[in-house]
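**Q** Below are the structure tokens for one structure; questions will follow.
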Amino acid sequence: MRPGAAAKRAAALGLAGLLAWVAGASLGAAPSGPRAAAAPSFLQVGRAHAEFTPVLDGSEPIFVVFIGSDARPGQAVDGERADSIHLVGIDPAKGRASILGFPRDSWVEIPGYGTDKINASMVYGGPEAVVATVEALTGITVDYWALASFEGFQAMVNDVGGLVVDVPYPMSDPYARTNFEPGPQRLHGHDALAFARDRHSPASGDFGRSENQGRLILAALAQFRKEFAKDPSRLLTWVAAGLRHVQTDLGIREVLDLAFTASRINPKRVENMVVPGSTGMEGGQSVVFLSSAAIPIYRDMADDGFVSKANVPPSPELG
Amino acid sequence: MPAARPATLCGVLATGKHRANGRRFPTFGVAVGAAVTLTVAVAGFLALGGRAPLPGRTEGPSEEIPPFEFELRRAVAVPTTDAKATAFRAQAEAAARAAGRVLTDLYVAAFLDPANRREASYAEAWELFEEAARAAAEQDADVLTAGALGPALEEILPVQGRLAAKVLLDDRGHPVLVVAIVRFTAEARGEDGSTAALLSTGQFFLRKDGGAWRISSYDVERADRERPVAGPSASPSGAAT
């Protein structure tokens, strides 16, 4: 080997090694074209949302009678007069519903007990007699009933953090203890009960009061739906509040089914109305004689739980 | 444009061989030079950003299901009587753990089981839903599972699975409904070596169905993020086993 050849060879090898290092390193460090381009296409990058809420079979409407008992603390909730009676029809297929209030002094036939005010039906035979009376009056088969006392209603409203109610007109009644300006406001248990009981602020008396009770049901629906959309686990708070303070023939699974179904009902697609009628006297007591104009309402509601605009009577208070 | 990785390595070798055939170096020297060149090139490739296998990983797709279990952080009883919630802590925790097992099974079947992913077939996941919810869940497969992209993913490793639960009790104190609020994170690696952080958050409602807890409702969101190509390695440390 000639002198200097080894050194040249070593230098050449070193140079080749350096070039190879640089080439290899640059190829390793730099993302290749295809890899960089392919990265996003292989992976689901971004946001996506999926939700499913079970609703009851939409083939049949569901009818529930909501009863507010006049029972005071210590009295049997189902043994006193019914202070409020509402028939709620739900059309699960179309996510809509109707609330039909019965003035408590409505003079009606109570099956098995003769003719009396509708609120006396509960004294005769508890919630079942109220249901039988509503069924006889409307021709609608009721699926379930739910009954709350004054105390239970207040506690229930407090358990869900109060209800935002759109008070329709100024309300001031020393008997019911209302003092509300019109407009949306959050009413806690005591005030919500006062709003439900005030029959002096509405010019139409019991008719307007029954309509306001329907407003509370609507407010509860709207608020539940809003909270459920934001945090579905709130459903448990509402269901627990209901089951804690309400007597019902609904099983817990049925309550859950109804709650899921309610989450799909748009409050704007709920008609709140009161059976039309006129006041009169019967046996020395003031009563309400229901109008024959109620018959098309019953028929319409029986069909799918919903009363179409054409059959909705004017508001007793607002026209 | 640089050649793809296998071609690049071949290219380095070919270059060395071509030079070895030159007149300047004898055969032995060429062999030594080629060996040194190859060693140095590979070392440079790996040291300066080459895609070495990440710690704990193999280059090829693994057929093993990585260990994963949702960690129960909190279970709250929601009684339907006037009893205090704290009186039902044990029942709530037991129900929450049972629900957690169902959701662990769901996420394993939906993301971590390579066999399901390769086939983009998640039948084991759908069995965990109530019948009424199953069709909807299958339609939401792209959010609830690795989805149709499953076959393109070499690997998904869990990073963390957390669960908090609210448990509704009946009037006898028996759990009837569990709402599980979950957060699942994982790292996915595509066939091309690209990676992404997977994030699945949401709420699952579970009810007893024939003695077993099944998912009856859900509200789930995916928010995945692409990672840089030479991203850090993931560790399944948050996954309790």
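Following the order of the structure tokens, first chain is A, next is B, and so on, with residues numbered from 1 inside each chain and ligands from 1 in the order they appear.
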Would you please extract all strand (DSSP E or B) residues from stretch 6-248 of chain A, as assigned by DSSP on the backbone, and give them as JSON, numbers by chain?
**A** {"A": [46, 47, 48, 49, 50, 51, 52, 62, 63, 64, 65, 66, 67, 68, 69, 82, 83, 84, 85, 86, 87, 88, 89, 90, 91, 96, 97, 98, 99, 100, 101, 102, 106, 107, 108, 109, 110, 114, 115, 116, 117, 144, 145, 146, 147, 148, 163, 164, 165, 166, 167, 171, 172, 173, 178, 179, 180, 183, 184, 185, 186, 187, 247, 248]}
**Q** DSSP on the backbone, then: every residue of stretch 145-201 of chain B marked helix (DSSP H, G or I), written as a ChimeraX atom specification.
**A** /B:147-152
**Q** Applying 9 Å and only C-alpha atoms, which residues near A:Ala136 remain after dropping the ones on its own chain fewer than 5 positions away? List them as a count of residues only.
**A** 5
**Q** Check the smallest atom-to-atom distance from each of A:Thr237, A:Ser291, A:Asn212, A:Asn158 to chain B using only C-alpha atoms, then report the winner.
**A**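 Closest residue, counting only C-alpha atoms: A:Thr237.
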**Q** Given only C-alpha atoms as the basis, pick out the residue of B:Ala186, B:Ala95, B:Ala152, B:Leu199 nearest to chain A.
**A**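 Among the listed residues, B:Ala152 lies closest to chain A.
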**Q** Find the residues around B:Pro79 up to 12 Å (only C-alpha atoms counted), leave out those fewer than 3 positions away in its own chain, and share them as a PyMOL selection string.
**A** (chain A and resi 236-245+252) or (chain B and resi 76+82-89+91-92+166-177)
**Q** Can you spit out the residues from that selection as an mmCIF file, in the first residue's frame, using N, CA and C atoms?
**A**
data_model
loop_
_atom_site.group_PDB
_atom_site.id
_atom_site.type_symbol
_atom_site.label_atom_id
_atom_site.label_comp_id
_atom_site.auth_asym_id
_atom_site.auth_seq_id
_atom_site.Cartn_x
_atom_site.Cartn_y
_atom_site.Cartn_z
ATOM 1 N N LEU A 236 -82.538 12.601 36.540
ATOM 2 C CA LEU A 236 -82.669 11.908 37.818
ATOM 3 C C LEU A 236 -83.212 12.842 38.901
ATOM 4 N N THR A 237 -82.752 14.077 38.891
ATOM 5 C CA THR A 237 -83.218 15.050 39.877
ATOM 6 C C THR A 237 -84.718 15.261 39.736
ATOM 7 N N TRP A 238 -85.180 15.384 38.489
ATOM 8 C CA TRP A 238 -86.601 15.637 38.242
ATOM 9 C C TRP A 238 -87.448 14.418 38.590
ATOM 10 N N VAL A 239 -86.974 13.260 38.165
ATOM 11 C CA VAL A 239 -87.740 12.032 38.448
ATOM 12 C C VAL A 239 -87.799 11.795 39.960
ATOM 13 N N ALA A 240 -86.671 11.972 40.629
ATOM 14 C CA ALA A 240 -86.651 11.751 42.083
ATOM 15 C C ALA A 240 -87.554 12.749 42.787
ATOM 16 N N ALA A 241 -87.529 14.004 42.335
ATOM 17 C CA ALA A 241 -88.393 15.023 42.952
ATOM 18 C C ALA A 241 -89.862 14.645 42.785
ATOM 19 N N GLY A 242 -90.205 14.177 41.610
ATOM 20 C CA GLY A 242 -91.587 13.770 41.360
ATOM 21 C C GLY A 242 -91.996 12.586 42.219
ATOM 22 N N LEU A 243 -91.147 11.561 42.242
ATOM 23 C CA LEU A 243 -91.519 10.345 42.973
ATOM 24 C C LEU A 243 -91.526 10.572 44.487
ATOM 25 N N ARG A 244 -90.715 11.504 44.946
ATOM 26 C CA ARG A 244 -90.637 11.786 46.383
ATOM 27 C C ARG A 244 -91.895 12.477 46.887
ATOM 28 N N HIS A 245 -92.488 13.300 46.054
ATOM 29 C CA HIS A 245 -93.553 14.179 46.541
ATOM 30 C C HIS A 245 -94.899 13.965 45.864
ATOM 31 N N ILE A 252 -91.889 3.108 38.524
ATOM 32 C CA ILE A 252 -90.706 3.951 38.318
ATOM 33 C C ILE A 252 -90.202 3.847 36.869
ATOM 34 N N VAL B 76 -72.967 8.632 43.296
ATOM 35 C CA VAL B 76 -73.924 9.363 44.135
ATOM 36 C C VAL B 76 -75.286 8.687 44.025
ATOM 37 N N ASP B 82 -87.669 10.040 51.202
ATOM 38 C CA ASP B 82 -87.065 11.115 51.989
ATOM 39 C C ASP B 82 -85.749 10.703 52.652
ATOM 40 N N ALA B 83 -85.336 9.457 52.441
ATOM 41 C CA ALA B 83 -84.085 8.988 53.053
ATOM 42 C C ALA B 83 -82.895 9.772 52.504
ATOM 43 N N LYS B 84 -81.842 9.841 53.317
ATOM 44 C CA LYS B 84 -80.645 10.565 52.887
ATOM 45 C C LYS B 84 -79.857 9.740 51.863
ATOM 46 N N ALA B 85 -79.272 10.449 50.913
ATOM 47 C CA ALA B 85 -78.515 9.769 49.849
ATOM 48 C C ALA B 85 -77.353 8.974 50.424
ATOM 49 N N THR B 86 -76.744 9.485 51.484
ATOM 50 C CA THR B 86 -75.557 8.818 52.038
ATOM 51 C C THR B 86 -75.892 7.440 52.613
ATOM 52 N N ALA B 87 -77.151 7.226 52.934
ATOM 53 C CA ALA B 87 -77.549 5.920 53.474
ATOM 54 C C ALA B 87 -77.459 4.827 52.412
ATOM 55 N N PHE B 88 -77.366 5.218 51.159
ATOM 56 C CA PHE B 88 -77.367 4.233 50.065
ATOM 57 C C PHE B 88 -76.034 4.221 49.306
ATOM 58 N N ARG B 89 -74.978 4.644 49.989
ATOM 59 C CA ARG B 89 -73.685 4.748 49.311
ATOM 60 C C ARG B 89 -73.231 3.390 48.748
ATOM 61 N N GLN B 91 -75.018 0.741 47.888
ATOM 62 C CA GLN B 91 -75.824 0.323 46.738
ATOM 63 C C GLN B 91 -75.426 1.122 45.490
ATOM 64 N N ALA B 92 -75.196 2.411 45.700
ATOM 65 C CA ALA B 92 -74.837 3.269 44.562
ATOM 66 C C ALA B 92 -73.490 2.846 43.984
ATOM 67 N N LYS B 166 -74.357 8.693 38.796
ATOM 68 C CA LYS B 166 -75.513 9.001 39.627
ATOM 69 C C LYS B 166 -76.435 7.791 39.531
ATOM 70 N N VAL B 167 -76.921 7.353 40.659
ATOM 71 C CA VAL B 167 -77.708 6.116 40.686
ATOM 72 C C VAL B 167 -79.091 6.390 41.271
ATOM 73 N N LEU B 168 -80.100 6.192 40.459
ATOM 74 C CA LEU B 168 -81.485 6.383 40.920
ATOM 75 C C LEU B 168 -81.962 5.105 41.609
ATOM 76 N N LEU B 169 -82.553 5.290 42.785
ATOM 77 C CA LEU B 169 -83.013 4.144 43.572
ATOM 78 C C LEU B 169 -84.530 4.127 43.612
ATOM 79 N N ASP B 170 -85.100 2.937 43.709
ATOM 80 C CA ASP B 170 -86.552 2.874 43.873
ATOM 81 C C ASP B 170 -86.900 3.065 45.355
ATOM 82 N N ASP B 171 -88.178 2.944 45.693
ATOM 83 C CA ASP B 171 -88.576 3.245 47.073
ATOM 84 C C ASP B 171 -88.070 2.199 48.071
ATOM 85 N N ARG B 172 -87.509 1.103 47.577
ATOM 86 C CA ARG B 172 -86.918 0.111 48.482
ATOM 87 C C ARG B 172 -85.390 0.217 48.516
ATOM 88 N N GLY B 173 -84.880 1.233 47.834
ATOM 89 C CA GLY B 173 -83.429 1.444 47.838
ATOM 90 C C GLY B 173 -82.681 0.625 46.805
ATOM 91 N N HIS B 174 -83.399 0.025 45.867
ATOM 92 C CA HIS B 174 -82.743 -0.759 44.821
ATOM 93 C C HIS B 174 -82.390 0.136 43.629
ATOM 94 N N PRO B 175 -81.190 0.026 43.112
ATOM 95 C CA PRO B 175 -80.818 0.834 41.940
ATOM 96 C C PRO B 175 -81.655 0.453 40.716
ATOM 97 N N VAL B 176 -82.191 1.464 40.047
ATOM 98 C CA VAL B 176 -82.999 1.192 38.848
ATOM 99 C C VAL B 176 -82.430 1.870 37.602
ATOM 100 N N LEU B 177 -81.631 2.884 37.822
ATOM 101 C CA LEU B 177 -81.071 3.608 36.671
ATOM 102 C C LEU B 177 -79.709 4.173 37.073
#
**Q** Determine, counting only C-alpha atoms, which protein, DNA and RNA residues have an atom within 12 Å of an atom of stretch 52-58 of chain A; residues of the same chain fewer than 4 positions away are not included. Present the result as a count of residues only.
**A** 52
**Q** Determine the nearest neighbour of chain A from the options B:Leu163, B:Ala110, B:Val78, B:Ala99, counting only C-alpha atoms.
**A**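 Checking each candidate against chain A, we get B:Val78 as the closest.
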**Q** Name all residues at most 12 Å from B:Ala115 (count only C-alpha atoms; drop same-chain ones fewer than 2 positions away) and give them as a PyMOL selection string.
**A** chain B and resi 61-65+108-113+117-124+146+150-151+153-156
**Q** Please produce a file of those selected residues containing N, CA and C atoms, as a PDB file, in the first residue's frame.
**A**
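The resulting file, result.pdb, is shown below:
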ATOM      1  N   PRO B  61     -48.830  -4.307  13.696  1.00  0.00           N
ATOM      2  CA  PRO B  61     -50.060  -4.257  14.471  1.00  0.00           C
ATOM      3  C   PRO B  61     -50.079  -5.345  15.533  1.00  0.00           C
ATOM      4  N   SER B  62     -50.506  -4.980  16.736  1.00  0.00           N
ATOM      5  CA  SER B  62     -50.596  -5.948  17.819  1.00  0.00           C
ATOM      6  C   SER B  62     -51.979  -6.575  17.815  1.00  0.00           C
ATOM      7  N   GLU B  63     -52.022  -7.865  18.093  1.00  0.00           N
ATOM      8  CA  GLU B  63     -53.305  -8.562  18.153  1.00  0.00           C
ATOM      9  C   GLU B  63     -53.850  -8.594  19.570  1.00  0.00           C
ATOM     10  N   GLU B  64     -53.076  -8.078  20.501  1.00  0.00           N
ATOM     11  CA  GLU B  64     -53.498  -8.141  21.897  1.00  0.00           C
ATOM     12  C   GLU B  64     -54.369  -6.938  22.264  1.00  0.00           C
ATOM     13  N   ILE B  65     -55.324  -7.184  23.155  1.00  0.00           N
ATOM     14  CA  ILE B  65     -56.156  -6.088  23.657  1.00  0.00           C
ATOM     15  C   ILE B  65     -55.421  -5.456  24.827  1.00  0.00           C
ATOM     16  N   VAL B 108     -63.774  -1.318  25.158  1.00  0.00           N
ATOM     17  CA  VAL B 108     -62.839  -2.329  24.671  1.00  0.00           C
ATOM     18  C   VAL B 108     -63.304  -2.834  23.307  1.00  0.00           C
ATOM     19  N   ALA B 109     -64.597  -3.163  23.225  1.00  0.00           N
ATOM     20  CA  ALA B 109     -65.127  -3.678  21.952  1.00  0.00           C
ATOM     21  C   ALA B 109     -65.106  -2.603  20.869  1.00  0.00           C
ATOM     22  N   ALA B 110     -65.328  -1.369  21.256  1.00  0.00           N
ATOM     23  CA  ALA B 110     -65.486  -0.294  20.269  1.00  0.00           C
ATOM     24  C   ALA B 110     -64.169   0.315  19.813  1.00  0.00           C
ATOM     25  N   PHE B 111     -63.153   0.260  20.687  1.00  0.00           N
ATOM     26  CA  PHE B 111     -61.892   0.928  20.335  1.00  0.00           C
ATOM     27  C   PHE B 111     -60.664   0.025  20.450  1.00  0.00           C
ATOM     28  N   LEU B 112     -60.607  -0.772  21.510  1.00  0.00           N
ATOM     29  CA  LEU B 112     -59.331  -1.388  21.867  1.00  0.00           C
ATOM     30  C   LEU B 112     -59.111  -2.782  21.303  1.00  0.00           C
ATOM     31  N   ASP B 113     -60.178  -3.477  20.977  1.00  0.00           N
ATOM     32  CA  ASP B 113     -60.027  -4.836  20.463  1.00  0.00           C
ATOM     33  C   ASP B 113     -59.625  -4.788  18.981  1.00  0.00           C
ATOM     34  N   ARG B 117     -61.743  -3.986  15.341  1.00  0.00           N
ATOM     35  CA  ARG B 117     -61.344  -2.791  14.583  1.00  0.00           C
ATOM     36  C   ARG B 117     -60.963  -3.158  13.146  1.00  0.00           C
ATOM     37  N   ARG B 118     -60.212  -4.216  13.032  1.00  0.00           N
ATOM     38  CA  ARG B 118     -59.735  -4.594  11.695  1.00  0.00           C
ATOM     39  C   ARG B 118     -60.895  -4.892  10.761  1.00  0.00           C
ATOM     40  N   GLU B 119     -61.958  -5.486  11.345  1.00  0.00           N
ATOM     41  CA  GLU B 119     -63.126  -5.826  10.529  1.00  0.00           C
ATOM     42  C   GLU B 119     -64.129  -4.689  10.486  1.00  0.00           C
ATOM     43  N   ALA B 120     -63.869  -3.632  11.248  1.00  0.00           N
ATOM     44  CA  ALA B 120     -64.861  -2.547  11.429  1.00  0.00           C
ATOM     45  C   ALA B 120     -66.211  -3.147  11.808  1.00  0.00           C
ATOM     46  N   SER B 121     -66.158  -4.138  12.665  1.00  0.00           N
ATOM     47  CA  SER B 121     -67.360  -4.856  13.082  1.00  0.00           C
ATOM     48  C   SER B 121     -67.449  -4.789  14.606  1.00  0.00           C
ATOM     49  N   TYR B 122     -68.493  -4.148  15.083  1.00  0.00           N
ATOM     50  CA  TYR B 122     -68.571  -3.858  16.515  1.00  0.00           C
ATOM     51  C   TYR B 122     -69.786  -4.515  17.163  1.00  0.00           C
ATOM     52  N   ALA B 123     -70.139  -5.697  16.684  1.00  0.00           N
ATOM     53  CA  ALA B 123     -71.337  -6.396  17.181  1.00  0.00           C
ATOM     54  C   ALA B 123     -71.293  -6.576  18.694  1.00  0.00           C
ATOM     55  N   GLU B 124     -70.101  -6.845  19.233  1.00  0.00           N
ATOM     56  CA  GLU B 124     -69.985  -7.027  20.688  1.00  0.00           C
ATOM     57  C   GLU B 124     -70.374  -5.756  21.426  1.00  0.00           C
ATOM     58  N   ALA B 146     -64.436   3.115  16.981  1.00  0.00           N
ATOM     59  CA  ALA B 146     -63.384   3.549  16.050  1.00  0.00           C
ATOM     60  C   ALA B 146     -63.957   3.682  14.644  1.00  0.00           C
ATOM     61  N   GLY B 150     -61.501   1.975  11.555  1.00  0.00           N
ATOM     62  CA  GLY B 150     -60.836   0.957  12.350  1.00  0.00           C
ATOM     63  C   GLY B 150     -59.755   0.187  11.601  1.00  0.00           C
ATOM     64  N   PRO B 151     -60.054  -0.306  10.401  1.00  0.00           N
ATOM     65  CA  PRO B 151     -59.047  -1.088   9.682  1.00  0.00           C
ATOM     66  C   PRO B 151     -57.784  -0.292   9.359  1.00  0.00           C
ATOM     67  N   LEU B 153     -56.342   1.708  11.373  1.00  0.00           N
ATOM     68  CA  LEU B 153     -55.605   2.001  12.600  1.00  0.00           C
ATOM     69  C   LEU B 153     -54.767   0.802  13.017  1.00  0.00           C
ATOM     70  N   GLU B 154     -53.485   1.033  13.159  1.00  0.00           N
ATOM     71  CA  GLU B 154     -52.589  -0.029  13.600  1.00  0.00           C
ATOM     72  C   GLU B 154     -52.856  -0.367  15.056  1.00  0.00           C
ATOM     73  N   GLU B 155     -53.152   0.662  15.840  1.00  0.00           N
ATOM     74  CA  GLU B 155     -53.129   0.461  17.277  1.00  0.00           C
ATOM     75  C   GLU B 155     -53.926   1.565  17.973  1.00  0.00           C
ATOM     76  N   ILE B 156     -54.611   1.187  19.018  1.00  0.00           N
ATOM     77  CA  ILE B 156     -55.194   2.200  19.918  1.00  0.00           C
ATOM     78  C   ILE B 156     -54.815   1.802  21.335  1.00  0.00           C
TER      79      ILE B 156
END
**Q** Find the residue from B:Ala90, B:Val143, B:Val182, B:Ala148 that sits nearest to chain A; use only C-alpha atoms when measuring.
**A** B:Val143
**Q** Find the spatial neighbours of stretch 143-154 of chain A, counting only C-alpha atoms, within a cut-off of 8 Å - ignore same-chain residues fewer than 2 positions away - and output them as a ChimeraX atom specification.
**A** /A:62-73,77-78,127,131,141,156-158,188-190,192-193,245-250
**Q** For chain A, which residue among B:Asp105, B:Asp209, B:Glu69, B:Glu191 is the nearest when counting only C-alpha atoms?
**A**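 So, comparing all the options, the nearest one is B:Glu191.
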**Q** Looking at A:Arg234, A:Arg215, A:Lys226, A:Arg186, which one is nearest to chain B, with distances taken over only C-alpha atoms?
**A**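 For chain B, the nearest of the given residues is A:Arg234.
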